[in-house]
>>> print(open('data.txt').read())   # compact mmCIF, C-alpha atoms
# COMPACT_ATOMS: atom_id res chain seq x y z
CA MET A 12 -144.17 -16.79 -23.60
CA ALA A 13 -143.65 -17.44 -27.33
CA ALA A 14 -142.08 -20.74 -28.30
CA SER A 15 -139.23 -18.97 -30.08
CA GLN A 16 -138.44 -16.89 -26.98
CA THR A 17 -138.51 -20.01 -24.82
CA PHE A 18 -136.16 -21.81 -27.17
CA SER A 19 -133.76 -18.85 -27.20
CA LEU A 20 -133.70 -18.66 -23.41
CA LEU A 21 -133.12 -22.40 -23.12
CA ALA A 22 -130.33 -22.30 -25.68
CA PHE A 23 -128.65 -19.40 -23.89
CA THR A 24 -128.97 -21.06 -20.48
CA PHE A 25 -127.58 -24.39 -21.60
CA SER A 26 -124.71 -22.60 -23.35
CA LEU A 27 -123.82 -21.05 -20.00
CA LEU A 28 -124.07 -24.49 -18.43
CA ALA A 29 -121.62 -25.89 -20.97
CA VAL A 30 -119.14 -23.12 -20.20
CA ALA A 31 -119.62 -23.29 -16.43
CA SER A 32 -119.37 -27.05 -16.12
CA THR A 33 -115.75 -27.15 -17.30
CA VAL A 34 -112.81 -24.83 -17.00
CA SER A 35 -110.15 -25.48 -19.58
CA SER A 36 -106.83 -26.75 -18.31
CA HIS A 37 -103.86 -28.46 -19.93
CA ASN A 38 -101.13 -31.03 -19.59
CA ILE A 39 -97.97 -29.93 -21.39
CA THR A 40 -96.26 -33.33 -21.32
CA GLN A 41 -99.25 -35.03 -22.97
CA ILE A 42 -99.52 -32.33 -25.61
CA LEU A 43 -95.84 -32.69 -26.55
CA ALA A 44 -95.96 -36.50 -26.34
CA ASP A 45 -97.67 -36.46 -29.75
CA SER A 46 -94.59 -34.78 -31.27
CA PRO A 47 -91.38 -36.88 -31.18
CA ASP A 48 -89.41 -33.85 -32.38
CA TYR A 49 -89.78 -32.39 -28.88
CA SER A 50 -89.02 -35.52 -26.87
CA SER A 51 -85.83 -34.09 -25.33
CA PHE A 52 -87.51 -30.79 -24.39
CA ASN A 53 -90.47 -32.70 -22.95
CA SER A 54 -88.20 -34.98 -20.93
CA TYR A 55 -86.41 -32.03 -19.33
CA LEU A 56 -89.73 -30.38 -18.47
CA SER A 57 -90.51 -33.49 -16.42
CA GLN A 58 -87.03 -33.85 -14.89
CA THR A 59 -86.93 -30.22 -13.74
CA LYS A 60 -90.61 -30.29 -12.63
CA LEU A 61 -91.30 -27.30 -14.87
CA ALA A 62 -94.17 -29.32 -16.35
CA ASP A 63 -95.99 -29.12 -13.00
CA GLU A 64 -95.53 -25.35 -12.89
CA ILE A 65 -96.79 -24.97 -16.45
CA ASN A 66 -99.80 -27.20 -15.76
CA SER A 67 -100.71 -25.19 -12.66
CA ARG A 68 -100.97 -21.92 -14.62
CA THR A 69 -103.36 -20.46 -17.17
CA THR A 70 -102.73 -17.83 -19.84
CA ILE A 71 -99.26 -19.08 -20.70
CA THR A 72 -97.01 -19.52 -23.73
CA VAL A 73 -94.33 -22.20 -24.04
CA LEU A 74 -91.52 -21.64 -26.54
CA VAL A 75 -90.38 -25.17 -27.43
CA LEU A 76 -87.09 -26.36 -28.92
CA ASN A 77 -86.84 -29.35 -31.21
CA ASN A 78 -84.35 -32.08 -30.39
CA GLY A 79 -81.63 -30.51 -32.51
CA ALA A 80 -81.93 -27.07 -30.86
CA MET A 81 -82.24 -28.66 -27.43
CA SER A 82 -78.85 -30.34 -27.85
CA ALA A 83 -77.24 -26.95 -27.19
CA LEU A 84 -78.37 -27.33 -23.57
CA ALA A 85 -78.87 -31.03 -22.94
CA GLY A 86 -75.91 -32.91 -21.50
CA LYS A 87 -73.72 -29.80 -21.31
CA HIS A 88 -75.02 -28.25 -18.09
CA PRO A 89 -76.31 -29.39 -14.69
CA LEU A 90 -80.05 -29.85 -14.32
CA SER A 91 -80.38 -26.66 -12.23
CA VAL A 92 -78.92 -24.58 -15.10
CA ILE A 93 -81.12 -26.30 -17.70
CA LYS A 94 -84.17 -25.50 -15.56
CA SER A 95 -83.24 -21.82 -15.46
CA ALA A 96 -82.74 -21.72 -19.23
CA LEU A 97 -86.07 -23.46 -19.90
CA SER A 98 -87.86 -21.19 -17.40
CA LEU A 99 -86.92 -18.31 -19.68
CA LEU A 100 -88.91 -20.00 -22.47
CA VAL A 101 -92.18 -19.99 -20.51
CA LEU A 102 -94.00 -16.67 -21.01
CA LEU A 103 -96.66 -15.63 -18.50
CA ASP A 104 -98.94 -14.35 -21.25
CA TYR A 105 -100.78 -15.79 -24.23
CA TYR A 106 -99.15 -15.36 -27.66
CA ASP A 107 -100.52 -17.11 -30.72
CA PRO A 108 -99.14 -16.48 -34.24
CA LEU A 109 -101.69 -13.72 -34.87
CA LYS A 110 -100.75 -11.83 -31.72
CA LEU A 111 -97.03 -12.16 -32.49
CA HIS A 112 -97.54 -10.23 -35.71
CA LYS A 113 -99.74 -7.57 -34.10
CA ILE A 114 -97.41 -6.47 -31.30
CA SER A 115 -97.96 -2.82 -30.45
CA LYS A 116 -95.12 -0.68 -31.86
CA GLY A 117 -93.51 -3.89 -33.14
CA THR A 118 -91.76 -4.87 -29.91
CA THR A 119 -92.67 -5.82 -26.33
CA LEU A 120 -91.21 -7.33 -23.18
CA SER A 121 -92.87 -10.41 -21.68
CA THR A 122 -92.49 -11.74 -18.14
CA THR A 123 -91.23 -15.32 -17.94
CA LEU A 124 -91.33 -18.08 -15.33
CA TYR A 125 -87.68 -17.33 -14.61
CA GLN A 126 -88.70 -13.92 -13.25
CA THR A 127 -90.82 -15.62 -10.54
CA THR A 128 -87.83 -17.52 -9.10
CA GLY A 129 -86.28 -14.48 -7.43
CA ASN A 130 -82.97 -15.28 -9.17
CA ALA A 131 -83.42 -12.80 -12.01
CA PRO A 132 -82.14 -9.30 -11.15
CA GLY A 133 -83.07 -6.38 -13.40
CA ASN A 134 -84.58 -7.47 -16.70
CA LEU A 135 -83.06 -10.97 -16.75
CA GLY A 136 -86.48 -12.56 -16.21
CA PHE A 137 -88.03 -10.83 -19.23
CA VAL A 138 -87.93 -11.72 -22.92
CA ASN A 139 -87.85 -9.22 -25.77
CA ILE A 140 -90.29 -10.12 -28.58
CA THR A 141 -89.87 -8.13 -31.79
CA ASP A 142 -91.88 -8.36 -35.02
CA LEU A 143 -89.19 -8.19 -37.71
CA LYS A 144 -89.52 -7.37 -41.40
CA GLY A 145 -90.63 -10.10 -43.77
CA GLY A 146 -93.03 -11.73 -41.31
CA LYS A 147 -90.30 -12.95 -38.95
CA VAL A 148 -90.48 -12.65 -35.17
CA GLY A 149 -87.32 -12.51 -33.05
CA PHE A 150 -86.81 -13.39 -29.37
CA GLY A 151 -84.00 -12.42 -27.03
CA SER A 152 -83.15 -11.56 -23.45
CA ALA A 153 -84.44 -8.19 -22.28
CA ALA A 154 -81.10 -7.51 -20.56
CA SER A 155 -79.28 -4.48 -21.90
CA GLY A 156 -77.09 -5.22 -24.92
CA SER A 157 -78.67 -8.63 -25.64
CA LYS A 158 -79.36 -9.73 -29.20
CA LEU A 159 -82.43 -11.37 -30.72
CA ASP A 160 -80.73 -14.77 -30.88
CA SER A 161 -83.85 -16.84 -31.50
CA SER A 162 -86.63 -16.79 -34.13
CA TYR A 163 -90.19 -18.07 -34.33
CA THR A 164 -90.44 -21.04 -36.69
CA LYS A 165 -93.97 -22.46 -36.36
CA SER A 166 -97.05 -22.94 -34.23
CA VAL A 167 -97.37 -26.29 -32.41
CA LYS A 168 -100.72 -26.06 -30.58
CA GLN A 169 -103.10 -23.56 -29.03
CA ILE A 170 -105.89 -23.92 -26.49
CA PRO A 171 -107.16 -20.34 -26.97
CA TYR A 172 -106.26 -17.93 -24.18
CA ASN A 173 -105.15 -20.81 -21.95
CA ILE A 174 -101.91 -22.16 -23.45
CA SER A 175 -100.04 -21.54 -26.68
CA ILE A 176 -97.08 -23.64 -27.79
CA LEU A 177 -94.73 -22.11 -30.37
CA GLU A 178 -91.49 -23.50 -31.78
CA ILE A 179 -88.37 -21.32 -31.82
CA ASP A 180 -85.06 -22.21 -33.46
CA ALA A 181 -82.61 -21.62 -30.58
CA PRO A 182 -82.52 -21.14 -26.79
CA ILE A 183 -82.87 -17.64 -25.37
CA ILE A 184 -79.72 -17.04 -23.33
CA ALA A 185 -79.76 -14.34 -20.65
CA PRO A 186 -76.38 -13.09 -19.34
CA GLY A 187 -74.99 -15.46 -16.71
CA ILE A 188 -77.85 -17.95 -16.90
CA LEU A 189 -75.56 -20.79 -18.03
CA THR A 190 -72.96 -20.19 -15.33
CA ALA A 191 -75.16 -20.58 -12.23
CA PRO A 192 -73.52 -22.58 -9.40
CA ALA A 193 -74.36 -26.26 -9.05
CA PRO A 194 -76.63 -27.29 -6.13
CA SER A 195 -73.71 -28.85 -4.25
CA ALA A 196 -71.95 -25.47 -4.18
CA ALA A 197 -75.10 -23.67 -3.05
CA LEU A 198 -75.68 -26.23 -0.29
CA SER A 199 -72.14 -26.23 1.07
CA ASN A 200 -73.46 -23.99 3.84
CA ILE A 201 -77.10 -25.01 4.28
CA THR A 202 -77.23 -23.63 7.81
CA GLY A 203 -75.98 -20.28 6.50
CA LEU A 204 -78.81 -20.20 3.96
CA LEU A 205 -81.36 -20.97 6.67
CA GLU A 206 -79.99 -18.37 9.09
CA LYS A 207 -80.02 -15.72 6.36
CA ALA A 208 -83.68 -16.60 5.67
CA GLY A 209 -84.64 -16.03 9.32
CA CYS A 210 -84.64 -19.72 10.33
CA LYS A 211 -81.73 -19.75 12.83
CA THR A 212 -83.61 -21.80 15.45
CA PHE A 213 -84.37 -24.50 12.88
CA ALA A 214 -80.75 -24.47 11.63
CA ASN A 215 -79.38 -24.87 15.17
CA LEU A 216 -81.74 -27.79 15.84
CA LEU A 217 -80.57 -29.54 12.66
CA VAL A 218 -76.95 -29.26 13.79
CA SER A 219 -77.45 -30.22 17.44
CA SER A 220 -79.64 -33.23 16.59
CA GLY A 221 -77.42 -34.53 13.79
CA VAL A 222 -80.35 -34.41 11.32
CA LEU A 223 -78.34 -32.04 9.10
CA LYS A 224 -76.29 -35.05 7.97
CA THR A 225 -79.51 -36.85 7.00
CA TYR A 226 -80.51 -33.86 4.87
CA GLU A 227 -77.09 -33.68 3.23
CA SER A 228 -77.12 -37.39 2.39
CA ALA A 229 -80.41 -36.92 0.49
CA VAL A 230 -79.20 -34.01 -1.67
CA GLU A 231 -77.92 -36.05 -4.60
CA LYS A 232 -81.25 -37.82 -5.27
CA GLY A 233 -83.46 -34.89 -4.33
CA LEU A 234 -84.36 -32.86 -1.24
CA THR A 235 -87.20 -30.52 -0.29
CA VAL A 236 -86.99 -28.63 3.01
CA PHE A 237 -89.79 -26.78 4.85
CA ALA A 238 -88.00 -24.47 7.29
CA PRO A 239 -90.09 -22.76 10.00
CA SER A 240 -89.13 -19.17 10.73
CA ASP A 241 -87.76 -18.16 14.12
CA GLU A 242 -91.11 -16.50 14.87
CA ALA A 243 -92.90 -19.78 14.15
CA PHE A 244 -91.06 -21.46 17.05
CA LYS A 245 -92.21 -18.66 19.38
CA ALA A 246 -95.88 -18.91 18.38
CA GLU A 247 -98.54 -19.75 20.95
CA GLY A 248 -99.40 -23.46 20.99
CA VAL A 249 -96.01 -24.73 19.82
CA PRO A 250 -95.02 -27.61 22.14
CA ASP A 251 -92.03 -27.27 24.41
CA LEU A 252 -89.33 -29.08 22.41
CA THR A 253 -87.16 -29.54 25.52
CA LYS A 254 -89.72 -32.05 26.81
CA LEU A 255 -89.42 -34.25 23.72
CA THR A 256 -87.13 -37.26 23.64
CA GLN A 257 -84.12 -37.20 21.29
CA ALA A 258 -85.92 -39.64 18.98
CA GLU A 259 -89.00 -37.39 18.87
CA VAL A 260 -86.89 -34.31 18.04
CA VAL A 261 -85.23 -36.24 15.20
CA SER A 262 -88.64 -37.34 13.87
CA LEU A 263 -89.96 -33.76 14.08
CA LEU A 264 -87.00 -32.36 12.12
CA GLU A 265 -87.09 -35.16 9.53
CA TYR A 266 -90.80 -34.42 9.12
CA HIS A 267 -89.78 -31.02 7.71
CA ALA A 268 -88.09 -32.53 4.64
CA LEU A 269 -88.85 -34.78 1.67
CA ALA A 270 -86.44 -37.19 0.00
CA GLU A 271 -87.38 -35.80 -3.42
CA TYR A 272 -87.27 -32.56 -5.39
CA LYS A 273 -90.74 -31.00 -5.14
CA PRO A 274 -90.80 -27.30 -6.09
CA LYS A 275 -93.85 -25.09 -5.65
CA GLY A 276 -95.42 -26.05 -8.99
CA SER A 277 -95.32 -29.73 -8.04
CA LEU A 278 -96.84 -29.01 -4.63
CA LYS A 279 -99.61 -27.00 -6.28
CA THR A 280 -100.63 -29.90 -8.50
CA ASN A 281 -100.16 -32.60 -5.87
CA LYS A 282 -103.19 -34.76 -4.99
CA ASN A 283 -101.62 -37.53 -2.92
CA ASN A 284 -100.15 -37.97 0.54
CA ILE A 285 -96.48 -36.97 0.57
CA SER A 286 -93.91 -39.06 2.43
CA THR A 287 -91.31 -37.21 4.50
CA LEU A 288 -87.87 -38.23 5.74
CA ALA A 289 -89.61 -39.31 8.96
CA THR A 290 -92.00 -41.66 7.16
CA SER A 291 -91.56 -45.19 8.48
CA GLY A 292 -94.66 -46.90 7.10
CA ALA A 293 -97.88 -46.40 5.16
CA GLY A 294 -99.63 -43.25 6.32
CA LYS A 295 -96.99 -42.45 8.93
CA PHE A 296 -95.48 -38.96 9.19
CA ASP A 297 -96.89 -37.83 5.84
CA LEU A 298 -98.24 -34.51 4.56
CA THR A 299 -101.04 -33.39 2.28
CA THR A 300 -101.38 -30.12 0.38
CA SER A 301 -104.08 -27.73 -0.75
CA THR A 302 -104.02 -24.45 -2.62
CA SER A 303 -105.56 -21.02 -2.13
CA GLY A 304 -104.96 -18.95 -5.23
CA ASP A 305 -101.23 -19.12 -5.84
CA GLU A 306 -100.49 -20.15 -2.25
CA VAL A 307 -99.68 -23.68 -1.11
CA ILE A 308 -100.84 -24.90 2.30
CA LEU A 309 -99.32 -27.92 4.04
CA HIS A 310 -101.54 -30.11 6.22
CA THR A 311 -100.22 -32.36 8.98
CA GLY A 312 -103.46 -33.57 10.53
CA VAL A 313 -102.87 -31.22 13.49
CA ALA A 314 -102.54 -27.70 12.08
CA PRO A 315 -101.88 -26.16 8.64
CA SER A 316 -98.88 -24.13 7.56
CA ARG A 317 -98.44 -21.84 4.57
CA LEU A 318 -95.49 -21.98 2.20
CA ALA A 319 -93.99 -18.51 2.66
CA ASP A 320 -90.85 -17.97 0.56
CA THR A 321 -88.38 -19.91 -1.57
CA VAL A 322 -84.89 -19.76 -0.08
CA LEU A 323 -83.27 -21.91 -2.79
CA ASP A 324 -84.52 -23.70 -5.90
CA ALA A 325 -81.59 -25.43 -7.56
CA THR A 326 -82.60 -28.77 -9.05
CA PRO A 327 -82.65 -31.27 -7.36
CA VAL A 328 -82.86 -29.22 -4.11
CA VAL A 329 -85.49 -26.74 -2.98
CA ILE A 330 -85.75 -24.99 0.40
CA PHE A 331 -88.89 -23.14 1.51
CA THR A 332 -89.72 -21.15 4.61
CA VAL A 333 -93.09 -21.94 6.24
CA ASP A 334 -95.21 -19.85 8.60
CA ASN A 335 -95.74 -22.52 11.25
CA VAL A 336 -93.85 -25.46 12.73
CA LEU A 337 -95.14 -28.66 11.11
CA LEU A 338 -96.63 -30.78 13.89
CA PRO A 339 -97.07 -34.43 12.87
CA ALA A 340 -100.15 -36.20 14.20
CA GLU A 341 -97.97 -39.12 15.27
CA LEU A 342 -96.35 -36.87 17.89
CA PHE A 343 -98.94 -34.16 18.55
CA GLY A 344 -102.28 -35.65 17.51
CA LYS A 345 -105.42 -35.88 19.63
CA SER A 346 -104.27 -39.08 21.32
CA LYS A 347 -101.01 -37.44 22.36
CA SER A 348 -100.46 -35.00 25.19
CA PRO A 349 -97.85 -32.48 24.02
CA SER A 350 -96.53 -30.02 26.56
CA PRO A 351 -96.84 -26.49 25.17
CA ALA A 352 -94.11 -23.99 25.86
CA PRO A 353 -94.98 -21.81 28.89
CA ALA A 354 -96.72 -18.57 27.93
CA PRO A 355 -95.20 -15.31 29.21
CA GLU A 356 -98.55 -14.27 30.75
CA PRO A 357 -102.02 -15.77 31.25
CA VAL A 358 -104.12 -16.05 28.11
CA THR A 359 -107.34 -14.06 28.43
CA ALA A 360 -108.89 -15.03 25.12
CA PRO A 361 -111.18 -18.10 24.93
CA THR A 362 -109.19 -21.33 24.71
CA PRO A 363 -109.83 -23.52 21.63
CA SER A 364 -111.27 -26.94 22.30
CA PRO A 365 -108.83 -29.90 22.16
CA ALA A 366 -110.54 -31.09 18.95
CA ASP A 367 -109.17 -28.07 17.13
CA GLY A 368 -105.55 -28.97 17.91
CA PRO A 369 -102.73 -26.44 18.25
CA SER A 370 -103.09 -23.42 15.98
CA PRO A 371 -99.80 -21.51 15.78
CA THR A 372 -100.11 -17.88 14.75
CA ALA A 373 -98.45 -16.86 11.49
CA ALA A 374 -95.71 -14.29 11.90
CA SER A 375 -96.07 -12.31 8.71
CA PRO A 376 -98.61 -12.78 5.88
CA PRO A 377 -102.18 -13.99 6.61
CA ALA A 378 -102.41 -17.46 8.10
CA PRO A 379 -103.99 -20.29 6.11
CA PRO A 380 -107.47 -21.66 6.92
CA THR A 381 -107.74 -22.78 10.54
CA ASP A 382 -109.10 -26.24 9.93
CA ASP A 383 -106.72 -28.87 8.63
CA SER A 384 -109.00 -30.53 6.11
CA PRO A 385 -107.09 -30.52 2.81
CA GLU A 386 -108.81 -29.05 -0.20
CA SER A 387 -108.46 -30.67 -3.56
CA ALA A 388 -105.42 -29.42 -5.43
CA PRO A 389 -105.51 -29.02 -9.21
CA SER A 390 -104.81 -32.23 -11.07
CA ASP A 391 -101.57 -32.51 -13.00
CA SER A 392 -102.93 -35.14 -15.32
CA PRO A 393 -106.27 -35.65 -17.08
CA THR A 394 -108.61 -38.52 -16.38
CA GLY A 395 -110.47 -40.85 -18.66
CA SER A 396 -108.72 -43.29 -20.95
CA ALA A 397 -111.36 -43.22 -23.67
CA ASN A 398 -110.09 -39.96 -25.17
CA SER A 399 -107.04 -39.59 -27.36
CA LYS A 400 -103.81 -38.08 -26.06
CA SER A 401 -104.44 -34.71 -27.68
CA ALA A 402 -107.96 -34.63 -26.28
CA ASN A 403 -106.64 -35.56 -22.87
CA ALA A 404 -104.26 -32.61 -22.98
CA ALA A 405 -107.23 -30.34 -22.23
CA VAL A 406 -109.11 -31.45 -19.14
CA GLY A 407 -112.21 -30.27 -17.25
CA VAL A 408 -112.38 -28.85 -13.74
CA SER A 409 -115.81 -29.00 -12.07
CA THR A 410 -117.52 -25.79 -10.91
CA PRO A 411 -120.42 -27.18 -8.86
CA SER A 412 -121.80 -23.97 -7.33
CA LEU A 413 -122.19 -22.11 -10.62
CA PHE A 414 -123.42 -25.26 -12.33
CA THR A 415 -126.15 -25.77 -9.70
CA ALA A 416 -127.28 -22.16 -9.97
CA LEU A 417 -127.57 -22.35 -13.75
CA VAL A 418 -129.46 -25.65 -13.58
CA THR A 419 -131.95 -23.91 -11.30
CA ILE A 420 -132.33 -21.07 -13.83
CA ALA A 421 -132.91 -23.59 -16.60
CA ALA A 422 -135.58 -25.31 -14.54
CA VAL A 423 -137.36 -21.98 -13.93
CA VAL A 424 -137.29 -21.16 -17.64
CA VAL A 425 -138.76 -24.53 -18.50
CA SER A 426 -141.48 -24.18 -15.85
CA VAL A 427 -142.47 -20.70 -17.05
CA SER A 428 -142.61 -21.85 -20.65
CA LEU A 429 -144.85 -24.80 -19.77
CA CYS A 430 -147.21 -22.65 -17.74
CA SER A 431 -147.55 -19.93 -20.39
>>> encode(input="data.txt", output="structure tokens")
Amino acid sequence: MAASQTFSLLAFTFSLLAVASTVSSHNITQILADSPDYSSFNSYLSQTKLADEINSRTTITVLVLNNGAMSALAGKHPLSVIKSALSLLVLLDYYDPLKLHKISKGTTLSTTLYQTTGNAPGNLGFVNITDLKGGKVGFGSAASGSKLDSSYTKSVKQIPYNISILEIDAPIIAPGILTAPAPSAALSNITGLLEKAGCKTFANLLVSSGVLKTYESAVEKGLTVFAPSDEAFKAEGVPDLTKLTQAEVVSLLEYHALAEYKPKGSLKTNKNNISTLATSGAGKFDLTTSTSGDEVILHTGVAPSRLADTVLDATPVVIFTVDNVLLPAELFGKSKSPSPAPAPEPVTAPTPSPADGPSPTAASPPAPPTDDSPESAPSDSPTGSANSKSANAAVGVSTPSLFTALVTIAAVVVSVSLCS
């Protein structure tokens, strides 16, 4: 093999290695921390947890407001309303200045993060982007009759095809987005919300045990609820709750809630153990999370459960439905002897070994992985203090399998070149 060919092959292979060894990611709060003009916008991204959602996604555009433009929202509306308004400024596509001025036919509709909440009927979750005369670009709600009430002013930062940050001069206001009810109004009938979502058994248990009052007392500072569906309570392997003591029932129900606001984006980027309302000490009654694509899986140490749907997301309260009852290891672990609910007929399939723990069957979409060993969730913050803030805003995610394969290819190329 000629030396030039060998060099070309090596160069190509190591280029692939460089690409494969890191996958570009971002941290929106660190990017904006370098720009004091966006301090208010950045602060609200953190308060509403939208930063976690942005950091968990790729191919995204954030339309930022400077402190002056942000004052139209800040301090005038509850946090839940501000979150909705800011969600409308997060586009689920990549737009840099060049693309803005090359929009096909001069206008397009872009899906926003607000559309993913389930609270945006019709076109309310879309933004109209129009390339105007004189090099200007206008933004407005895609709802019928809406005006282009915001304009592009400048580019802030781009990590090509991953995240683009553009400044606009005013909020994009969709009809009714600033008049959403406060969380306290939405939660005035929490049991009604749960029953409507197919969680009547869970709702009844909260009332009969008195744990509903514990949930309600946590609302002001933040509350996250994981509500098992009615089918989840009927699943094979779920212990017979009538054989639990009152204290154990209370602990089980408190285990299904967190004393903090943790929407799906925050759960997707979580890397630590999460304390629940039942947590009484270090490592007691906690949860861990992993991700599979866009899905979030909760791990108890006994059996996993998938986050199914969002019943309510109104900062600082979020309620999810989950496929399986969350069984804490403190009550149902290997050292315990839970009494399963009696089956309607003998089970003919092979019985799992005790080491596997209970494995409730999901009622609707596919169940999560059967073992309860948490996978690593994406990081919400970069590592390494040696780099500057702007460098830290783009972080690397290891891809070991592809990296190993390409190292092997490189070794083969080198061996062939040496032998020839």
>>> residues_around(input="data.txt", residues="Thr141 in chain A", least_positions_apart="3", cutoff="6 Å", atoms="only C-alpha atoms", output="list in words")
Gly117, Thr118, Val148 and Gly149 of chain A
>>> residues_around(input="data.txt", residues="Leu109 in chain A", least_positions_apart="3", cutoff="12 Å", atoms="all atoms listed in the file", output="ChimeraX atom specification")
/A:105-106,112-114,142,146,148,165-166,169,171,175,177
>>> closest_residue(input="data.txt", among="A:Thr311, A:Asn139, A:Thr235, A:Ser228", to="Tyr272 in chain A", atoms="only C-alpha atoms")
A:Thr235
>>> residues_around(input="data.txt", residues="range 80-88 of chain A", least_positions_apart="6", cutoff="10 Å", atoms="all atoms listed in the file", output="PyMOL selection string")
chain A and resi 49-52+55+94+96-97+179-182+189-191+193
>>> residues_around(input="data.txt", residues="Leu309 in chain A", least_positions_apart="5", cutoff="7 Å", atoms="all atoms listed in the file", output="CSV table (one decimal) with C-alpha atoms, keeping the file's coordinate frame")
chain,number,residue,atom,x,y,z
A,298,LEU,CA,-98.2,-34.5,4.6
A,299,THR,CA,-101.0,-33.4,2.3
A,300,THR,CA,-101.4,-30.1,0.4
A,301,SER,CA,-104.1,-27.7,-0.8
A,315,PRO,CA,-101.9,-26.2,8.6
A,316,SER,CA,-98.9,-24.1,7.6
A,317,ARG,CA,-98.4,-21.8,4.6
>>> residues_around(input="data.txt", residues="range 319-336 of chain A", least_positions_apart="4", cutoff="6 Å", atoms="only C-alpha atoms", output="NGL selection string")
:A and (90-91 or 194 or 233-239 or 243 or 272 or 373)
>>> atom_distance(input="data.txt", atom1="CA of Gly221 in chain A", atom2="CA of Thr59 in chain A")
29.4 Å
>>> axis_aligned_box(input="data.txt", around="range 310-322 of chain A", padding_each_side="6 Å", output="lines of an AutoDock Vina configuration file")
center_x = -94.2
center_y = -25.8
center_z = 6.0
size_x = 30.6
size_y = 27.6
size_z = 27.1
>>> closest_atom_pairs(input="data.txt", of="range 152-251 of chain A", to="range 126-137 of chain A", cutoff="10 Å", atoms="all atoms listed in the file", output="tab-separated table")
residue	atom	partner	partner_atom	distance
A:Ser152	CA	A:Phe137	CA	6.5
A:Ala153	CA	A:Phe137	CA	5.4
A:Ala154	CA	A:Asn134	CA	5.2
A:Ser155	CA	A:Asn134	CA	8.0
A:Ile184	CA	A:Leu135	CA	9.6
A:Ala185	CA	A:Leu135	CA	6.1
A:Pro186	CA	A:Leu135	CA	7.5
A:Gly187	CA	A:Leu135	CA	9.2
A:Ile188	CA	A:Leu135	CA	8.7
A:Ala191	CA	A:Asn130	CA	9.9
>>> atom_distance(input="data.txt", atom1="CA of Thr70 in chain A", atom2="CA of Asn173 in chain A")
4.4 Å
>>> atom_distance(input="data.txt", atom1="CA of Leu103 in chain A", atom2="CA of Asp305 in chain A")
13.9 Å
>>> closest_residue(input="data.txt", among="A:Thr256, A:Ser161, A:Thr302, A:Asn215", to="Glu178 in chain A", atoms="all atoms listed in the file")
A:Ser161
>>> closest_residue(input="data.txt", among="A:Thr225, A:Ser157, A:Ser286, A:Ser220", to="Gln257 in chain A", atoms="only C-alpha atoms")
A:Ser220
>>> closest_residue(input="data.txt", among="A:Thr123, A:Ser162, A:Thr69, A:Ser115", to="Ser36 in chain A", atoms="all atoms listed in the file")
A:Thr69
>>> closest_residue(input="data.txt", among="A:Leu288, A:Val167, A:Leu337, A:Leu124", to="Glu227 in chain A", atoms="only C-alpha atoms")
A:Leu288
>>> build_atoms(input="data.txt", residues="range 161-168 of chain A", atoms="N, CA, C and O atoms", output="mmCIF file, in the frame of the given file")
data_model
loop_
_atom_site.group_PDB
_atom_site.id
_atom_site.type_symbol
_atom_site.label_atom_id
_atom_site.label_comp_id
_atom_site.auth_asym_id
_atom_site.auth_seq_id
_atom_site.Cartn_x
_atom_site.Cartn_y
_atom_site.Cartn_z
ATOM 1 N N SER A 161 -82.929 -15.756 -31.215
ATOM 2 C CA SER A 161 -83.850 -16.840 -31.500
ATOM 3 C C SER A 161 -84.997 -16.321 -32.358
ATOM 4 O O SER A 161 -85.395 -15.157 -32.240
ATOM 5 N N SER A 162 -85.539 -17.196 -33.232
ATOM 6 C CA SER A 162 -86.630 -16.790 -34.130
ATOM 7 C C SER A 162 -87.790 -17.774 -34.072
ATOM 8 O O SER A 162 -87.590 -18.983 -33.880
ATOM 9 N N TYR A 163 -88.980 -17.247 -34.263
ATOM 10 C CA TYR A 163 -90.190 -18.070 -34.330
ATOM 11 C C TYR A 163 -90.158 -18.897 -35.617
ATOM 12 O O TYR A 163 -89.871 -18.366 -36.695
ATOM 13 N N THR A 164 -90.435 -20.194 -35.498
ATOM 14 C CA THR A 164 -90.440 -21.040 -36.690
ATOM 15 C C THR A 164 -91.842 -21.545 -37.053
ATOM 16 O O THR A 164 -92.225 -21.531 -38.207
ATOM 17 N N LYS A 165 -92.620 -21.991 -36.043
ATOM 18 C CA LYS A 165 -93.970 -22.460 -36.360
ATOM 19 C C LYS A 165 -94.810 -22.601 -35.097
ATOM 20 O O LYS A 165 -94.299 -22.633 -33.975
ATOM 21 N N SER A 166 -96.121 -22.698 -35.329
ATOM 22 C CA SER A 166 -97.050 -22.940 -34.230
ATOM 23 C C SER A 166 -97.174 -24.449 -34.007
ATOM 24 O O SER A 166 -97.224 -25.225 -34.965
ATOM 25 N N VAL A 167 -97.225 -24.871 -32.748
ATOM 26 C CA VAL A 167 -97.370 -26.290 -32.410
ATOM 27 C C VAL A 167 -98.801 -26.605 -31.984
ATOM 28 O O VAL A 167 -99.436 -27.513 -32.521
ATOM 29 N N LYS A 168 -99.347 -25.845 -31.042
ATOM 30 C CA LYS A 168 -100.720 -26.060 -30.580
ATOM 31 C C LYS A 168 -101.191 -24.870 -29.762
ATOM 32 O O LYS A 168 -100.392 -24.244 -29.060
#
